[in-house]
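Engineer: I have a structure here, written as structure tokens, and I will follow up with some questions on it.
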Amino acid sequence: MKSRHKKLALIVGAVALFGIIIVLVLNALNSNIALFKSPTEVANGNFPKDKLFRIGGLVKEGSIQRQADGVTIRFVITDSESDLTVDYVGILPDLFMEGKGAVAQGKLLPDGSFKAQEVLAKHDENYMPPEAAQALNDAHVRGVQKQAEQDAAAAVAKPKASY
Amino acid sequence: MNDRFNLYRFASPATFYPLAGRLIPWFIAAGILFGLAGLYIGMLVAPTDFQQGEGYRIIFIHVPTSWMSMFIYLVMAFWAAIGLAFNTRLSGMMAQALAPTGALMAFLSLWTGALWGKPMWGTWWVWDARLTSELILLFLYIGYMALVAAIDDARRADKAGGILLLVGVVNIPIIYFSVKWWNTLHQGSSVNLTKSAMAEVMLWGMLLMALAFWMYSIAVALARVRTLMLERERHTDWVRKTLVGDEQ
């Protein structure tokens, strides 16, 4: 083996070793790097108590309501396994919509609801013109109808949106 | 055997200097053409997005600059490895010539992302894994440039900078896969080699812009490497001959 090849092997080995170290460190820090907790994690008690933290998931269809006081907005964040009710006073971003992703920062109250101080919309990776979105939506509605017809129990098909 | 010989010939600054000079105008021309086509498609032909309206058009700058910021770093790390292993003169200069462009790309990526984030997400900045690792990339570029500039001896500067580049290369897969590995506010990638979650016209605009940024990066890196060659090899015969030839 020529010395320069030895050197190259040494460099590649060192970079690989360093990479493995970083992977292990990141793995150990995994829960701290994640920006938000899912409702299921919160339901399992896997969240920092008495501290601000973020939750994230999809805004449940039909769940956004303005409360009687006129300024509080209540909605449900879901990961389709668990739900979490969120109360928020403030301005919502434009992309905050039912069926879309959102991230909220705040505290969990003793009654199990989440008091948010900040709500951010999480955009998905889909980019398309309005007509294409309309066509997709129509197709989805037709698909749901078909499903409903086939399924005598007429269980409500929950659309699994990607986010 | 003959081919190998020819390829190695261009590893010498004396032969690479004129070659780079001849190539630069072509890359500039290609960059302008791709850029005009990309901007035309991106700004005038591509439809508005169903959710974001016109604001999504930032991707025609944001995504190509993000790609370039990661790719340029990989190229610099490649040159650093070659330079450390084979002790070639050109590799250190190549890495150094690419660094400011890489830093510019990382900065543009962060800046355009912030401009988009405020109306869409509701915040300029959030410390999620994707944004933070891209910020670290910008710091790596700046750190590399500072380190190389701080050491007077060019050979030693290349070595120290090269080690920094190789240590930092671990950050690139972290940036790329951060949206998969962790919960982030940043969305997953719309485009990779096998799938695209974008309307086709939008994708074409973005790819043309990416090509334009490629051509720009190559052109400025070649121009920069030419000045680096003249500076570092100023005591050699070929530089004296080249400069005298320029004056005539």
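Chain identifiers are assigned as A, B, and so on, following the order in which chains appear in the structure tokens; residues are numbered from 1 within each chain, and ligands are numbered from 1 in order of appearance.
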At a cut-off of 8 Å, which residues of chain B touch chain A? Count only C-alpha atoms and give the answer as a PyMOL selection string.
Structural biologist: chain B and resi 47-52+81-82+84-86+119-123+127-129+166-167+170+182-190+197-199+202
Engineer: I'd like the contact shell of Phe75 in chain A - 6 Å cut-off, only C-alpha atoms, skipping same-chain residues fewer than 4 positions apart - returned as a JSON list (two decimals) with C-alpha atoms, in the first residue's frame.
Structural biologist:
[["chain", "number", "residue", "atom", "x", "y", "z"],
["A", 63, "SER", "CA", -62.86, 21.17, 15.29],
["A", 64, "ILE", "CA", -62.06, 24.90, 15.04],
["A", 85, "THR", "CA", -57.81, 20.13, 22.74],
["A", 86, "VAL", "CA", -55.93, 23.41, 22.32]]
Engineer: Could you jot down the CA of Met68 in chain B to CA of Leu36 in chain B separation for me, Å, one decimal place?
Structural biologist: 18.4 Å
Engineer: Give me, as a list in words, all polymer residues having an atom no more than 6 Å from range 141-158 of chain B, counting only C-alpha atoms and skipping those fewer than 4 positions away in the same chain.
Structural biologist: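 The neighbour list is Gly92, Ala103 and Gly162 of chain B.
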Engineer: Would you kindly return, as a PDB file with N, CA and C atoms, in the first residue's frame, each protein, DNA or RNA residue with an atom no farther than 8 Å from any atom of Leu222 in chain B, considering only C-alpha atoms and excluding same-chain residues fewer than 2 positions away?
Structural biologist:
ATOM      1  N   ALA B  20      -9.346  27.305 -17.277  1.00  0.00           N
ATOM      2  CA  ALA B  20     -10.414  27.944 -16.506  1.00  0.00           C
ATOM      3  C   ALA B  20     -10.839  29.251 -17.165  1.00  0.00           C
ATOM      4  N   GLY B  21      -9.841  30.011 -17.630  1.00  0.00           N
ATOM      5  CA  GLY B  21     -10.154  31.285 -18.274  1.00  0.00           C
ATOM      6  C   GLY B  21     -11.018  31.110 -19.508  1.00  0.00           C
ATOM      7  N   ILE B  24     -14.823  30.025 -18.359  1.00  0.00           N
ATOM      8  CA  ILE B  24     -15.687  30.934 -17.593  1.00  0.00           C
ATOM      9  C   ILE B  24     -16.803  31.574 -18.439  1.00  0.00           C
ATOM     10  N   ALA B  97     -11.659  28.476  -3.142  1.00  0.00           N
ATOM     11  CA  ALA B  97     -12.383  29.266  -4.135  1.00  0.00           C
ATOM     12  C   ALA B  97     -13.888  29.055  -4.027  1.00  0.00           C
ATOM     13  N   ILE B 218     -20.077  27.602 -10.619  1.00  0.00           N
ATOM     14  CA  ILE B 218     -18.862  27.127 -11.304  1.00  0.00           C
ATOM     15  C   ILE B 218     -18.084  28.318 -11.854  1.00  0.00           C
ATOM     16  N   ALA B 219     -18.789  29.260 -12.483  1.00  0.00           N
ATOM     17  CA  ALA B 219     -18.116  30.407 -13.098  1.00  0.00           C
ATOM     18  C   ALA B 219     -17.374  31.229 -12.050  1.00  0.00           C
ATOM     19  N   VAL B 220     -18.021  31.571 -10.937  1.00  0.00           N
ATOM     20  CA  VAL B 220     -17.337  32.416  -9.948  1.00  0.00           C
ATOM     21  C   VAL B 220     -16.223  31.641  -9.246  1.00  0.00           C
ATOM     22  N   ARG B 224     -12.382  32.764  -9.170  1.00  0.00           N
ATOM     23  CA  ARG B 224     -11.692  32.938  -7.895  1.00  0.00           C
ATOM     24  C   ARG B 224     -10.439  32.077  -7.835  1.00  0.00           C
ATOM     25  N   VAL B 225     -10.526  30.857  -8.381  1.00  0.00           N
ATOM     26  CA  VAL B 225      -9.367  29.962  -8.314  1.00  0.00           C
ATOM     27  C   VAL B 225      -8.236  30.514  -9.193  1.00  0.00           C
ATOM     28  N   ARG B 226      -8.582  31.225 -10.244  1.00  0.00           N
ATOM     29  CA  ARG B 226      -7.541  31.834 -11.087  1.00  0.00           C
ATOM     30  C   ARG B 226      -6.761  32.892 -10.305  1.00  0.00           C
TER      31      ARG B 226
END
Engineer: Among range 67-153 of chain A, which ones does DSSP place in strand (DSSP E), written as a ChimeraX atom specification?
Structural biologist: /A:72-78,83-89,101-108,114-122
Engineer: Quote the spacing between CA of Val239 in chain B and CA of Phe16 in chain B in Å to one decimal place.
Structural biologist: 12.0 Å
Engineer: Please identify all polymer residues within 10 Å of Arg74 in chain A, counting only C-alpha atoms, omitting same-chain residues fewer than 6 positions from it, and present them as a PDB file with C-alpha atoms, in the first residue's frame.
Structural biologist:
ATOM      1  CA  SER A  63     -62.862  21.172  15.288  1.00  0.00           C
ATOM      2  CA  ILE A  64     -62.056  24.897  15.040  1.00  0.00           C
ATOM      3  CA  GLN A  65     -64.476  26.906  17.194  1.00  0.00           C
ATOM      4  CA  ARG A  66     -64.430  30.463  18.470  1.00  0.00           C
ATOM      5  CA  GLN A  67     -65.312  30.448  22.156  1.00  0.00           C
ATOM      6  CA  THR A  85     -57.811  20.132  22.743  1.00  0.00           C
ATOM      7  CA  VAL A  86     -55.932  23.409  22.315  1.00  0.00           C
ATOM      8  CA  ASP A  87     -57.053  26.882  23.439  1.00  0.00           C
ATOM      9  CA  TYR A  88     -55.366  29.858  21.863  1.00  0.00           C
ATOM     10  CA  VAL A  89     -55.789  33.642  21.991  1.00  0.00           C
ATOM     11  CA  SER A 113     -56.382  20.784  27.568  1.00  0.00           C
ATOM     12  CA  PHE A 114     -53.432  22.618  26.085  1.00  0.00           C
ATOM     13  CA  LYS A 115     -53.104  26.394  26.588  1.00  0.00           C
ATOM     14  CA  ALA A 116     -51.153  27.663  23.606  1.00  0.00           C
TER      15      ALA A 116
END
Engineer: From the options B:Leu19, B:Ile163, B:Ile136, B:Leu211, which residue's atoms come nearest to Ile175 in chain B, counting only C-alpha atoms?
Structural biologist: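 Among the listed residues, the smallest separation from Ile175 in chain B belongs to B:Ile136.
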Engineer: What does the distance from CA of Arg232 in chain B to CA of Ala14 in chain B come to in Å, to one decimal?
Structural biologist: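 Straight-line distance from CA of Arg232 in chain B to CA of Ala14 in chain B works out to 11.8 Å.
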Engineer: Skip Leu44 in chain B itself and residues of its chain fewer than 5 positions away, then list as number ranges by chain all residues within 12 Å of it, counting only C-alpha atoms.
Structural biologist: B: 36-39, 54, 57, 201-202, 205
